[in-house]
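Shown next: my_file_1.cif, containing mmCIF, C-alpha atoms and all ligand atoms.
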data_target
loop_
_atom_site.label_atom_id
_atom_site.label_comp_id
_atom_site.auth_asym_id
_atom_site.auth_seq_id
_atom_site.Cartn_x
_atom_site.Cartn_y
_atom_site.Cartn_z
CA MET P 1 -22.61 26.01 2.69
CA HIS P 2 -24.89 23.24 1.46
CA LYS P 3 -24.45 22.33 -2.23
CA GLU P 4 -27.29 20.67 -4.16
CA PRO P 5 -26.27 17.55 -6.09
CA VAL P 6 -26.36 18.27 -9.84
CA THR P 7 -26.13 16.15 -13.00
CA ARG P 8 -25.53 16.62 -16.72
CA ALA P 9 -29.31 16.33 -17.25
CA LEU P 10 -29.84 19.62 -15.38
CA PHE P 11 -27.88 21.41 -18.11
CA ASP P 12 -30.73 20.94 -20.57
CA GLN P 13 -33.22 22.36 -18.05
CA VAL P 14 -31.42 25.48 -16.90
CA MET P 15 -28.85 26.45 -19.52
CA VAL P 16 -29.41 28.33 -22.78
CA PRO P 17 -28.96 25.59 -25.41
CA ASN P 18 -26.06 27.21 -27.29
CA TYR P 19 -23.71 24.46 -26.06
CA ASN P 20 -24.13 20.69 -26.07
CA PRO P 21 -21.54 19.45 -23.56
CA GLN P 22 -20.37 15.83 -23.40
CA GLN P 23 -22.45 13.44 -21.30
CA MET P 24 -20.40 13.63 -18.11
CA VAL P 25 -19.46 16.37 -15.64
CA PRO P 26 -15.74 16.83 -14.91
CA VAL P 27 -15.03 17.69 -11.30
CA ARG P 28 -11.27 17.62 -10.81
CA GLY P 29 -8.07 18.07 -12.83
CA ARG P 30 -4.37 17.54 -12.16
CA GLY P 31 -1.75 18.06 -14.84
CA SER P 32 -3.12 16.43 -18.01
CA ARG P 33 -5.62 14.20 -16.21
CA VAL P 34 -9.28 14.94 -15.43
CA TRP P 35 -11.90 13.03 -13.39
CA ASP P 36 -15.69 13.14 -13.72
CA GLN P 37 -18.48 12.81 -11.13
CA ALA P 38 -18.45 9.02 -11.46
CA GLY P 39 -14.70 8.87 -10.86
CA ASN P 40 -13.81 8.05 -14.48
CA GLU P 41 -10.35 9.27 -15.46
CA TYR P 42 -9.49 11.04 -18.72
CA VAL P 43 -6.32 12.10 -20.47
CA ASP P 44 -6.75 15.71 -21.57
CA PHE P 45 -5.61 16.56 -25.13
CA THR P 46 -7.88 19.64 -25.22
CA GLY P 47 -6.05 21.84 -22.73
CA GLY P 48 -9.41 23.61 -22.24
CA ILE P 49 -9.10 24.63 -25.93
CA ALA P 50 -5.49 25.85 -25.86
CA VAL P 51 -5.96 27.45 -22.43
CA THR P 52 -4.46 25.26 -19.69
CA ALA P 53 -0.95 25.37 -21.17
CA LEU P 54 0.55 24.44 -17.81
CA GLY P 55 -2.02 21.73 -17.15
CA HIS P 56 -4.72 21.70 -14.51
CA ASN P 57 -4.09 23.12 -11.04
CA HIS P 58 -0.41 23.89 -11.58
CA PRO P 59 0.84 24.49 -8.00
CA ALA P 60 2.61 27.79 -8.74
CA VAL P 61 -0.44 29.16 -10.59
CA VAL P 62 -2.80 28.05 -7.81
CA ASP P 63 -0.50 29.74 -5.33
CA ALA P 64 -0.47 33.00 -7.33
CA LEU P 65 -4.27 33.08 -7.28
CA LYS P 66 -4.56 32.23 -3.59
CA THR P 67 -1.92 34.78 -2.58
CA GLN P 68 -3.58 37.56 -4.56
CA ALA P 69 -7.02 36.49 -3.26
CA ASP P 70 -5.83 37.37 0.24
CA GLU P 71 -4.56 40.80 -0.87
CA LEU P 72 -6.94 42.58 -3.25
CA TRP P 73 -9.59 41.40 -5.75
CA HIS P 74 -10.89 44.42 -7.59
CA LEU P 75 -10.68 48.17 -7.86
CA SER P 76 -11.86 49.19 -11.37
CA ASN P 77 -9.67 51.18 -13.74
CA ILE P 78 -10.07 54.37 -11.76
CA PHE P 79 -7.04 52.91 -9.96
CA THR P 80 -4.20 50.80 -11.28
CA ASN P 81 -2.75 47.81 -9.43
CA GLU P 82 0.58 46.08 -8.96
CA PRO P 83 -0.10 42.78 -10.77
CA ALA P 84 -1.39 44.65 -13.86
CA LEU P 85 1.67 46.89 -13.95
CA ARG P 86 4.07 43.98 -13.54
CA LEU P 87 2.27 41.91 -16.21
CA ALA P 88 2.22 44.80 -18.69
CA LYS P 89 5.94 45.37 -18.10
CA LYS P 90 6.65 41.69 -18.74
CA LEU P 91 4.60 41.54 -21.93
CA THR P 92 6.25 44.65 -23.33
CA ASP P 93 9.72 43.36 -22.39
CA ILE P 94 9.08 40.05 -24.16
CA THR P 95 7.47 41.42 -27.33
CA PHE P 96 7.61 44.19 -29.95
CA ALA P 97 4.93 46.07 -28.02
CA ASP P 98 5.30 49.27 -25.99
CA LYS P 99 1.75 49.35 -24.60
CA VAL P 100 -0.88 46.93 -23.27
CA PHE P 101 -4.66 47.04 -22.88
CA PHE P 102 -6.22 44.32 -20.70
CA SER P 103 -9.54 42.60 -21.34
CA ASN P 104 -11.37 39.57 -19.94
CA SER P 105 -11.42 37.43 -23.07
CA GLY P 106 -10.09 36.96 -26.56
CA ALA P 107 -13.11 38.48 -28.26
CA GLU P 108 -12.77 41.60 -26.14
CA ALA P 109 -9.06 41.88 -26.97
CA ASN P 110 -10.00 41.70 -30.66
CA GLU P 111 -12.87 44.17 -30.20
CA ALA P 112 -10.31 46.60 -28.75
CA ALA P 113 -7.89 45.89 -31.63
CA PHE P 114 -10.51 46.48 -34.34
CA LYS P 115 -11.80 49.65 -32.67
CA LEU P 116 -8.23 50.90 -32.25
CA ALA P 117 -7.42 50.20 -35.91
CA ARG P 118 -10.47 52.20 -37.01
CA LYS P 119 -9.64 55.05 -34.64
CA TYR P 120 -6.03 55.14 -35.80
CA GLY P 121 -7.21 55.17 -39.42
CA HIS P 122 -9.54 58.11 -38.73
CA ASP P 123 -6.91 60.02 -36.76
CA HIS P 124 -4.14 59.68 -39.34
CA PHE P 125 -5.83 59.29 -42.72
CA GLY P 126 -9.41 60.56 -42.41
CA ASP P 127 -12.99 59.26 -42.52
CA ASP P 128 -12.57 56.91 -45.49
CA LYS P 129 -9.96 54.70 -43.88
CA TYR P 130 -12.15 52.19 -42.07
CA GLU P 131 -12.15 48.91 -44.00
CA ILE P 132 -10.98 45.78 -42.24
CA ILE P 133 -9.84 42.76 -44.22
CA SER P 134 -9.64 39.32 -42.70
CA PHE P 135 -9.46 35.75 -43.96
CA LYS P 136 -12.05 33.14 -44.89
CA GLN P 137 -12.35 30.39 -42.24
CA SER P 138 -10.74 32.64 -39.62
CA PHE P 139 -12.13 32.90 -36.10
CA HIS P 140 -11.91 36.02 -33.98
CA GLY P 141 -14.57 35.60 -31.27
CA ARG P 142 -18.34 35.81 -30.79
CA THR P 143 -19.24 39.48 -30.27
CA LEU P 144 -21.07 41.11 -33.17
CA PHE P 145 -17.94 42.90 -34.43
CA THR P 146 -15.73 39.80 -34.06
CA VAL P 147 -18.18 37.43 -35.82
CA THR P 148 -18.32 40.02 -38.58
CA VAL P 149 -14.55 40.09 -38.96
CA GLY P 150 -14.30 36.30 -38.55
CA GLY P 151 -14.41 34.39 -41.82
CA GLN P 152 -17.09 31.83 -40.95
CA PRO P 153 -20.53 33.00 -42.18
CA LYS P 154 -22.35 30.48 -39.94
CA TYR P 155 -21.37 32.52 -36.88
CA ARG P 156 -23.02 35.73 -38.16
CA GLU P 157 -26.05 34.33 -39.99
CA GLY P 158 -29.25 35.47 -38.30
CA PHE P 159 -27.52 38.32 -36.47
CA GLU P 160 -27.65 40.82 -39.33
CA PRO P 161 -27.32 43.69 -39.83
CA VAL P 162 -23.65 43.41 -38.93
CA PRO P 163 -21.11 46.28 -38.88
CA ALA P 164 -20.15 47.49 -42.37
CA GLY P 165 -16.71 47.81 -43.95
CA VAL P 166 -15.42 44.26 -43.42
CA SER P 167 -14.35 41.87 -46.17
CA HIS P 168 -12.83 38.40 -46.34
CA VAL P 169 -10.12 37.07 -48.65
CA GLU P 170 -8.47 33.68 -49.09
CA TYR P 171 -5.88 32.54 -46.56
CA ASN P 172 -2.48 31.66 -48.03
CA ASN P 173 -3.42 33.41 -51.29
CA ILE P 174 -1.66 36.75 -51.53
CA ASP P 175 -3.32 37.65 -54.85
CA SER P 176 -6.68 37.48 -53.13
CA LEU P 177 -5.52 40.08 -50.58
CA LYS P 178 -3.86 42.16 -53.30
CA ALA P 179 -7.18 42.41 -55.13
CA ALA P 180 -9.05 43.60 -52.03
CA ILE P 181 -6.64 45.92 -50.21
CA SER P 182 -6.81 49.66 -50.92
CA ASP P 183 -6.17 53.07 -49.38
CA LYS P 184 -9.46 52.58 -47.52
CA THR P 185 -8.08 49.57 -45.65
CA CYS P 186 -7.29 50.44 -42.02
CA ALA P 187 -6.25 46.92 -40.97
CA VAL P 188 -5.61 43.36 -42.08
CA VAL P 189 -6.29 40.76 -39.40
CA MET P 190 -4.75 37.31 -39.45
CA GLU P 191 -4.24 34.23 -37.31
CA PRO P 192 -0.68 32.92 -37.85
CA ILE P 193 -2.31 29.47 -37.86
CA LEU P 194 -6.04 29.18 -38.55
CA GLY P 195 -7.12 27.43 -35.33
CA GLU P 196 -10.90 26.93 -35.33
CA GLY P 197 -10.79 26.98 -39.12
CA GLY P 198 -9.01 23.61 -39.30
CA VAL P 199 -5.47 24.07 -37.92
CA ILE P 200 -4.00 25.53 -41.12
CA PRO P 201 -0.55 27.17 -40.75
CA ALA P 202 0.42 30.22 -42.79
CA ALA P 203 2.38 29.12 -45.88
CA PRO P 204 6.07 30.10 -45.94
CA GLY P 205 6.40 33.74 -46.94
CA PHE P 206 2.68 34.49 -46.65
CA ALA P 207 2.90 36.59 -43.48
CA GLN P 208 5.83 38.58 -44.99
CA ALA P 209 3.78 39.29 -48.10
CA VAL P 210 0.81 40.40 -45.99
CA ARG P 211 3.11 42.70 -44.01
CA GLU P 212 4.45 44.27 -47.22
CA LEU P 213 0.98 44.95 -48.59
CA CYS P 214 -0.07 46.50 -45.28
CA ASP P 215 2.96 48.82 -45.40
CA GLN P 216 2.25 49.77 -49.00
CA TYR P 217 -1.34 50.81 -48.15
CA ASN P 218 -0.73 52.25 -44.65
CA ALA P 219 -2.87 49.51 -43.11
CA LEU P 220 -2.17 48.10 -39.68
CA LEU P 221 -1.35 44.41 -39.40
CA ILE P 222 -3.19 42.71 -36.53
CA PHE P 223 -2.10 39.25 -35.44
CA ASP P 224 -4.75 37.33 -33.54
CA GLU P 225 -2.53 35.08 -31.41
CA ILE P 226 -5.27 34.14 -28.98
CA GLN P 227 -4.85 30.46 -29.86
CA THR P 228 -1.24 30.41 -31.16
CA GLY P 229 0.25 32.55 -28.39
CA VAL P 230 1.83 32.00 -24.98
CA GLY P 231 4.16 29.19 -26.04
CA ARG P 232 1.74 27.05 -28.03
CA THR P 233 4.03 26.85 -31.09
CA GLY P 234 7.32 26.74 -29.21
CA ALA P 235 7.95 30.51 -29.45
CA PHE P 236 6.27 32.77 -26.89
CA TYR P 237 4.29 34.22 -29.80
CA GLU P 238 4.20 32.70 -33.26
CA TYR P 239 5.11 36.05 -34.91
CA MET P 240 8.60 35.45 -33.50
CA ASN P 241 8.85 32.18 -35.43
CA LEU P 242 7.54 33.83 -38.59
CA GLY P 243 9.90 36.81 -38.33
CA VAL P 244 7.05 39.21 -39.11
CA THR P 245 6.12 41.90 -36.59
CA PRO P 246 2.50 43.04 -36.38
CA ASP P 247 1.31 46.50 -35.26
CA ILE P 248 -1.25 45.01 -32.89
CA LEU P 249 -1.27 41.55 -31.30
CA THR P 250 -4.13 40.02 -29.35
CA THR P 251 -3.61 37.32 -26.74
CA ALA P 252 -5.87 35.49 -24.28
CA LYS P 253 -6.61 31.77 -23.76
CA ALA P 254 -3.36 30.37 -22.27
CA LEU P 255 -2.42 33.76 -20.78
CA GLY P 256 -4.61 32.98 -17.76
CA ASN P 257 -4.22 29.17 -17.84
CA GLY P 258 -7.96 29.05 -17.06
CA PHE P 259 -8.47 32.36 -15.29
CA PRO P 260 -10.25 34.77 -17.67
CA ILE P 261 -7.89 37.42 -19.07
CA GLY P 262 -6.99 38.83 -22.47
CA ALA P 263 -4.72 41.56 -23.72
CA MET P 264 -4.09 43.73 -26.74
CA LEU P 265 -0.45 44.66 -27.34
CA THR P 266 0.63 47.51 -29.59
CA THR P 267 3.18 50.21 -30.29
CA ASP P 268 3.38 53.69 -28.73
CA LYS P 269 2.36 55.25 -32.03
CA VAL P 270 -0.79 53.17 -32.50
CA ALA P 271 -1.73 53.18 -28.82
CA ALA P 272 -1.84 56.99 -28.92
CA SER P 273 -5.21 56.80 -30.71
CA PHE P 274 -6.88 55.38 -27.60
CA VAL P 275 -6.87 58.56 -25.56
CA PHE P 276 -8.45 58.96 -22.13
CA GLY P 277 -12.09 57.84 -22.28
CA THR P 278 -12.13 56.22 -25.75
CA HIS P 279 -12.33 52.60 -24.56
CA GLY P 280 -12.56 50.64 -21.33
CA SER P 281 -13.64 47.62 -19.29
CA THR P 282 -14.80 47.15 -15.69
CA TYR P 283 -12.90 43.95 -15.03
CA GLY P 284 -10.09 44.28 -17.59
CA GLY P 285 -6.71 44.20 -15.83
CA ASN P 286 -8.16 43.14 -12.49
CA PRO P 287 -5.59 42.06 -9.88
CA LEU P 288 -6.62 38.39 -9.70
CA GLY P 289 -6.33 37.75 -13.46
CA CYS P 290 -3.10 39.72 -13.76
CA ALA P 291 -1.48 37.95 -10.78
CA VAL P 292 -2.25 34.58 -12.35
CA ALA P 293 -1.07 35.68 -15.82
CA GLU P 294 2.17 37.09 -14.40
CA THR P 295 3.05 33.66 -13.04
CA VAL P 296 1.95 31.95 -16.26
CA VAL P 297 4.17 34.24 -18.35
CA ASP P 298 7.18 33.64 -16.06
CA LEU P 299 6.74 29.87 -16.16
CA ILE P 300 6.09 29.53 -19.89
CA ASN P 301 8.68 32.05 -21.09
CA SER P 302 11.54 29.79 -20.08
CA PRO P 303 13.70 27.24 -21.91
CA ASP P 304 12.26 24.58 -19.55
CA VAL P 305 8.84 24.93 -21.14
CA LEU P 306 9.40 26.47 -24.60
CA GLY P 307 12.44 24.29 -25.25
CA GLN P 308 10.53 21.02 -25.06
CA VAL P 309 7.43 21.91 -27.11
CA GLU P 310 9.01 20.73 -30.37
CA ALA P 311 9.89 17.30 -28.94
CA LYS P 312 6.34 16.87 -27.57
CA SER P 313 5.00 17.94 -30.95
CA ALA P 314 7.13 15.30 -32.68
CA LEU P 315 5.84 12.64 -30.28
CA PHE P 316 2.21 13.61 -31.01
CA LYS P 317 2.86 13.54 -34.74
CA SER P 318 4.62 10.17 -34.73
CA GLU P 319 1.87 8.61 -32.58
CA LEU P 320 -0.79 9.97 -34.95
CA GLU P 321 1.12 8.68 -37.97
CA ALA P 322 1.38 5.26 -36.30
CA ILE P 323 -2.40 5.18 -35.79
CA ASN P 324 -2.83 6.24 -39.40
CA ALA P 325 -0.50 3.53 -40.71
CA LYS P 326 -2.87 1.02 -39.11
CA HIS P 327 -6.28 2.54 -39.78
CA HIS P 328 -5.80 4.89 -42.77
CA ILE P 329 -8.21 7.39 -41.26
CA PHE P 330 -6.30 10.68 -41.62
CA LYS P 331 -5.83 12.57 -44.84
CA GLU P 332 -3.20 14.80 -43.23
CA VAL P 333 -1.59 15.43 -39.85
CA ARG P 334 -0.59 19.10 -39.53
CA GLY P 335 -0.02 22.01 -37.21
CA LYS P 336 2.85 23.51 -35.27
CA GLY P 337 4.11 22.90 -31.79
CA LEU P 338 1.21 21.69 -29.67
CA LEU P 339 -1.55 23.00 -31.90
CA LEU P 340 -2.20 19.93 -34.00
CA GLY P 341 -4.85 18.86 -36.47
CA ALA P 342 -5.56 15.46 -37.99
CA GLU P 343 -7.87 15.84 -40.98
CA LEU P 344 -10.14 12.83 -41.53
CA ILE P 345 -10.17 11.18 -44.95
CA GLU P 346 -12.92 12.35 -47.31
CA GLU P 347 -15.41 9.56 -46.53
CA TRP P 348 -15.37 10.56 -42.84
CA HIS P 349 -15.72 14.30 -43.51
CA GLY P 350 -18.45 15.81 -41.34
CA LYS P 351 -18.08 13.12 -38.68
CA GLY P 352 -15.46 14.61 -36.34
CA GLN P 353 -17.94 14.70 -33.44
CA GLN P 354 -18.38 10.92 -33.63
CA PHE P 355 -14.67 10.42 -32.90
CA LEU P 356 -14.77 12.99 -30.13
CA ALA P 357 -17.61 11.13 -28.35
CA ALA P 358 -15.94 7.72 -28.88
CA ALA P 359 -12.65 9.07 -27.49
CA ARG P 360 -14.43 10.35 -24.38
CA GLU P 361 -15.88 6.87 -23.82
CA GLU P 362 -12.33 5.49 -24.03
CA GLY P 363 -11.00 8.04 -21.51
CA LEU P 364 -9.64 10.76 -23.78
CA MET P 365 -10.71 14.39 -24.12
CA ILE P 366 -10.03 15.70 -27.62
CA LEU P 367 -11.25 18.60 -29.81
CA VAL P 368 -12.45 19.13 -33.32
CA ALA P 369 -11.69 22.11 -35.58
CA GLY P 370 -14.73 22.21 -37.84
CA PRO P 371 -16.46 18.99 -38.92
CA ASN P 372 -13.44 17.28 -40.55
CA VAL P 373 -10.45 17.81 -38.30
CA LEU P 374 -9.54 16.30 -34.91
CA ARG P 375 -7.70 19.00 -32.98
CA MET P 376 -5.26 18.69 -30.09
CA ALA P 377 -4.09 21.62 -27.95
CA PRO P 378 -2.83 19.96 -24.78
CA SER P 379 -0.78 21.24 -21.88
CA LEU P 380 2.69 22.27 -23.09
CA ILE P 381 4.15 20.13 -20.31
CA ILE P 382 2.01 17.02 -20.79
CA PRO P 383 4.10 13.99 -19.69
CA ASP P 384 5.10 11.60 -22.49
CA ASP P 385 3.30 8.77 -20.69
CA ASP P 386 0.05 10.74 -20.84
CA VAL P 387 0.56 11.34 -24.57
CA LYS P 388 1.00 7.59 -25.09
CA ALA P 389 -1.99 6.70 -22.89
CA GLY P 390 -4.14 9.24 -24.73
CA MET P 391 -3.04 7.91 -28.12
CA ALA P 392 -3.86 4.34 -27.05
CA ALA P 393 -7.37 5.57 -26.12
CA LEU P 394 -7.64 7.39 -29.45
CA GLU P 395 -6.74 4.24 -31.32
CA ARG P 396 -9.37 2.23 -29.42
CA ALA P 397 -11.92 4.93 -30.22
CA ILE P 398 -11.03 4.93 -33.92
CA SER P 399 -11.22 1.11 -34.07
CA LYS P 400 -14.69 1.26 -32.51
CA VAL P 401 -16.00 3.95 -34.84
CA LEU P 402 -14.61 2.12 -37.89
CA ALA P 403 -16.11 -1.21 -36.73
CA ALA P 404 -19.57 0.27 -35.97
C1 LIG G 1 -10.67 31.45 -28.90
C2 LIG G 1 -10.33 32.47 -29.92
C3 LIG G 1 -10.91 33.76 -29.89
C4 LIG G 1 -11.98 34.15 -28.91
O1 LIG G 1 -11.55 34.13 -27.59
P1 LIG G 1 -12.65 34.15 -26.41
O2 LIG G 1 -11.83 34.20 -25.16
O3 LIG G 1 -13.47 32.92 -26.56
O4 LIG G 1 -13.48 35.37 -26.59
C5 LIG G 1 -10.48 34.69 -30.84
N1 LIG G 1 -9.55 34.37 -31.76
C6 LIG G 1 -8.98 33.14 -31.81
C7 LIG G 1 -7.93 32.87 -32.84
C8 LIG G 1 -9.36 32.15 -30.91
O5 LIG G 1 -8.82 30.93 -30.99
#
What do you get writing this file as structure tokens?
Amino acid sequence: MHKEPVTRALFDQVMVPNYNPQQMVPVRGRGSRVWDQAGNEYVDFTGGIAVTALGHNHPAVVDALKTQADELWHLSNIFTNEPALRLAKKLTDITFADKVFFSNSGAEANEAAFKLARKYGHDHFGDDKYEIISFKQSFHGRTLFTVTVGGQPKYREGFEPVPAGVSHVEYNNIDSLKAAISDKTCAVVMEPILGEGGVIPAAPGFAQAVRELCDQYNALLIFDEIQTGVGRTGAFYEYMNLGVTPDILTTAKALGNGFPIGAMLTTDKVAASFVFGTHGSTYGGNPLGCAVAETVVDLINSPDVLGQVEAKSALFKSELEAINAKHHIFKEVRGKGLLLGAELIEEWHGKGQQFLAAAREEGLMILVAGPNVLRMAPSLIIPDDDVKAGMAALERAISKVLAA
């Protein structure tokens, strides 16, 4: 099949302008390296935004996709399939959950979680139990319900009217939640680390206190682990590190290592409110996505991968501190495992994008979390040499921005 040559310029002609991608087109990835159309090489600290946790084109993951591609692609949920059953079994064996619902994305996993929480509230406590409380600065996806629950007003402005019965309280401030929660609350939704919102971990004891308030008011606790899950923090899910068990957990991003899949995990008791016909998805749980995710779960849920996340994290942090000792550009380096944030000092607030573009020119792909924080969410198995090469590029980029 003939393929037309394409360039970055074509993006502005044919794509809806809701994204503004970097001025190059990546064409190939291996491990934590990526190459663009011109053959330039990049170290990848983005991990596709906490997605490619096993790096690009991991041979076992590629093999899982190719093998399943030769067997069966799609059936719809009128039939079940082997990869979906095996993946659901694995996820329930690993976690608190008894039941799984599959989606194609994080937002859809959250949509299912919020709908389930409302349905459970109605079923068990009546029509007045519908309020959902989440946290300011949180991010839960881009559907209308998930931008409403998310704590960043900029993502829902202009899309009103939004669904009613949602309120936002301060993260890491239990009094703020205490003042808002009531018998009308059906669920409290939290990210164990605010990802998009600036890489802000839950303070010690905060998740426990949220759990206790939920129990007191018969509200479900939903953990959005779409960014923190699947090994990112060194535990398979961060709730395991925190020692607090949610009633519903949502997962996506790294679950497919780049193949679209999401899932909502919950208990038998809560799952019972989604009876036959109450919710669904055409593609959710399709054999290709589930076959890939099965392999991803097997590979990541092992001491080989989980056991080295903390050491990689320490290397990232010490390299960032070394850059900071020289350039005094970061106010704080924070995060857990391989979800890391470096907040710029006050005078550079609002200018994260400038560093991102300069890093790209020096051969490094990096993320921001809001306007003030450089974010890193690389492959969990990024080689130390790639970390060092990436940090050398970051330092060059910072020197350039500071000298400009
Ligand atoms: C990325 C993300 C989402 C949305 O996932 P999509 O797959 O983009 O729909 C939801 N919650 C959190 C915490 C995320 O990081």
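In terms of minimum interatomic distance to Gly141 (chain P), P:Asn110 ranks closest within P:Gln227, P:Ser302, P:Gln68, P:Asn110, counting all atoms listed in the file.
Between CA of Val162 (chain P) and CA of Gly48 (chain P) there is a distance of 29.6 Å.
Across the structure, CA of Ala404 (chain P) and CA of Trp348 (chain P) are spaced 13.1 Å apart.
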Compile the contact shell of region 29-40 of chain P as a VMD selection string: residues with an atom at most 7 Å away, counting all atoms listed in the file, same-chain residues fewer than 6 positions apart removed.
chain P and resid 55 to 58 379 382
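If you look at CA of Lys400 (chain P) and CA of Ile49 (chain P), they are 24.9 Å away from each other.
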message = Let me see if you get this right: every residue at most 9 Å from ligand LIG 1 (chain G), counting only C-alpha atoms and all ligand atoms, written as JSON, numbers by chain.
response = {"P": [49, 50, 51, 104, 105, 106, 107, 108, 109, 110, 138, 139, 140, 141, 142, 143, 146, 150, 190, 191, 192, 193, 194, 195, 196, 224, 225, 226, 227, 228, 250, 251, 252, 253, 260, 261, 262]}
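Among the candidates P:Arg360, P:Gly280, P:Leu116, P:Ala314, the one nearest to Ile78 (chain P) when counting only C-alpha atoms is P:Gly280.
The list of residues within 10 Å of (5.4, 11.1, -29.2), counted using only C-alpha atoms, is Ala311, Lys312, Ser313, Ala314, Leu315, Phe316, Lys317, Ser318, Glu319, Leu320, Asp384, Asp385, Asp386, Val387, Lys388 and Met391 of chain P.
Nearest residue to Gln353 (chain P), choosing from P:Asn372, P:Thr92, P:Ser176, P:Ser399 and counting all atoms listed in the file: P:Asn372.
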With a distance cut-off of 7 Å and all atoms listed in the file, select the neighbouring residues of Met24 (chain P), excluding the residue or stretch itself and same-chain residues fewer than 2 positions from it, and output the selection as an MDAnalysis selection string. chainID P and resid 8 22 26 36
Q: Could you please give me, as a ChimeraX atom specification, the residues of protein, DNA or RNA lying at most 9 Å from (-10.6, 12.4, -26.7) in the coordinate frame of the file, considering only C-alpha atoms?
A: /P:42-46,355-367,376,390-391,393-394,397
Could you pull the residues within 10 Å of His328 (chain P), counting only C-alpha atoms, minus those fewer than 6 positions along the same chain, as number ranges by chain? P: 321-322, 344-345
Using only C-alpha atoms, the shortest atom-to-atom distance to Glu238 (chain P) among P:Thr95, P:Thr266, P:Thr148, P:Ser273 belongs to P:Thr95
Closest of P:Ser167, P:Ala389, P:His327, P:Asp127 to Ala403 (chain P), counting only C-alpha atoms, is P:His327
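The shortest atom-to-atom distance to Phe101 (chain P), with all atoms listed in the file taken into account, belongs to P:Lys89 out of P:His168, P:Lys119, P:Lys129, P:Lys89.
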Which residues of region 275-344 of chain P come within 12 Å of region 202-217 of chain P, and what is each one's closest atom pair and distance in Å (one decimal), counting all atoms listed in the file, sorted by chain and residue number, as CSV?
residue,atom,partner,partner_atom,distance
P:Arg334,CA,P:Ala202,CA,11.6
P:Gly335,CA,P:Ala202,CA,9.9
P:Lys336,CA,P:Ala202,CA,10.4
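Non-sequential neighbours of Ser182 (chain P) (distance at most 9 Å, separation of 3 or more positions within a chain, only C-alpha atoms) are Glu131, Lys178, Ala179, Thr185, Cys186, Tyr217 and Ala219 of chain P.
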Missing atoms in region 257-270 of chain P: can you complete it with N, CA and C atoms, as a PDB file, in the frame of the given file?
ATOM      1  N   ASN P 257      -4.230  30.609 -18.161  1.00  0.00           N
ATOM      2  CA  ASN P 257      -4.220  29.170 -17.840  1.00  0.00           C
ATOM      3  C   ASN P 257      -5.561  28.712 -17.241  1.00  0.00           C
ATOM      4  N   GLY P 258      -6.654  29.421 -17.593  1.00  0.00           N
ATOM      5  CA  GLY P 258      -7.960  29.050 -17.060  1.00  0.00           C
ATOM      6  C   GLY P 258      -8.618  30.158 -16.258  1.00  0.00           C
ATOM      7  N   PHE P 259      -7.863  31.173 -15.908  1.00  0.00           N
ATOM      8  CA  PHE P 259      -8.470  32.360 -15.290  1.00  0.00           C
ATOM      9  C   PHE P 259      -8.710  33.370 -16.402  1.00  0.00           C
ATOM     10  N   PRO P 260      -9.941  33.924 -16.517  1.00  0.00           N
ATOM     11  CA  PRO P 260     -10.250  34.770 -17.670  1.00  0.00           C
ATOM     12  C   PRO P 260      -9.399  36.042 -17.734  1.00  0.00           C
ATOM     13  N   ILE P 261      -8.634  36.180 -18.807  1.00  0.00           N
ATOM     14  CA  ILE P 261      -7.890  37.420 -19.070  1.00  0.00           C
ATOM     15  C   ILE P 261      -7.496  37.443 -20.542  1.00  0.00           C
ATOM     16  N   GLY P 262      -7.472  38.633 -21.102  1.00  0.00           N
ATOM     17  CA  GLY P 262      -6.990  38.830 -22.470  1.00  0.00           C
ATOM     18  C   GLY P 262      -6.199  40.110 -22.507  1.00  0.00           C
ATOM     19  N   ALA P 263      -5.466  40.319 -23.605  1.00  0.00           N
ATOM     20  CA  ALA P 263      -4.720  41.560 -23.720  1.00  0.00           C
ATOM     21  C   ALA P 263      -4.518  41.923 -25.180  1.00  0.00           C
ATOM     22  N   MET P 264      -4.447  43.220 -25.424  1.00  0.00           N
ATOM     23  CA  MET P 264      -4.090  43.730 -26.740  1.00  0.00           C
ATOM     24  C   MET P 264      -2.755  44.445 -26.582  1.00  0.00           C
ATOM     25  N   LEU P 265      -1.786  44.058 -27.401  1.00  0.00           N
ATOM     26  CA  LEU P 265      -0.450  44.660 -27.340  1.00  0.00           C
ATOM     27  C   LEU P 265      -0.243  45.510 -28.593  1.00  0.00           C
ATOM     28  N   THR P 266       0.383  46.664 -28.421  1.00  0.00           N
ATOM     29  CA  THR P 266       0.630  47.510 -29.590  1.00  0.00           C
ATOM     30  C   THR P 266       1.799  48.463 -29.352  1.00  0.00           C
ATOM     31  N   THR P 267       2.062  49.274 -30.358  1.00  0.00           N
ATOM     32  CA  THR P 267       3.180  50.210 -30.290  1.00  0.00           C
ATOM     33  C   THR P 267       2.732  51.544 -29.670  1.00  0.00           C
ATOM     34  N   ASP P 268       3.694  52.350 -29.260  1.00  0.00           N
ATOM     35  CA  ASP P 268       3.380  53.690 -28.730  1.00  0.00           C
ATOM     36  C   ASP P 268       2.555  54.488 -29.733  1.00  0.00           C
ATOM     37  N   LYS P 269       2.976  54.420 -31.002  1.00  0.00           N
ATOM     38  CA  LYS P 269       2.360  55.250 -32.030  1.00  0.00           C
ATOM     39  C   LYS P 269       0.888  54.904 -32.219  1.00  0.00           C
ATOM     40  N   VAL P 270       0.597  53.600 -32.282  1.00  0.00           N
ATOM     41  CA  VAL P 270      -0.790  53.170 -32.500  1.00  0.00           C
ATOM     42  C   VAL P 270      -1.613  53.380 -31.233  1.00  0.00           C
TER      43      VAL P 270
END
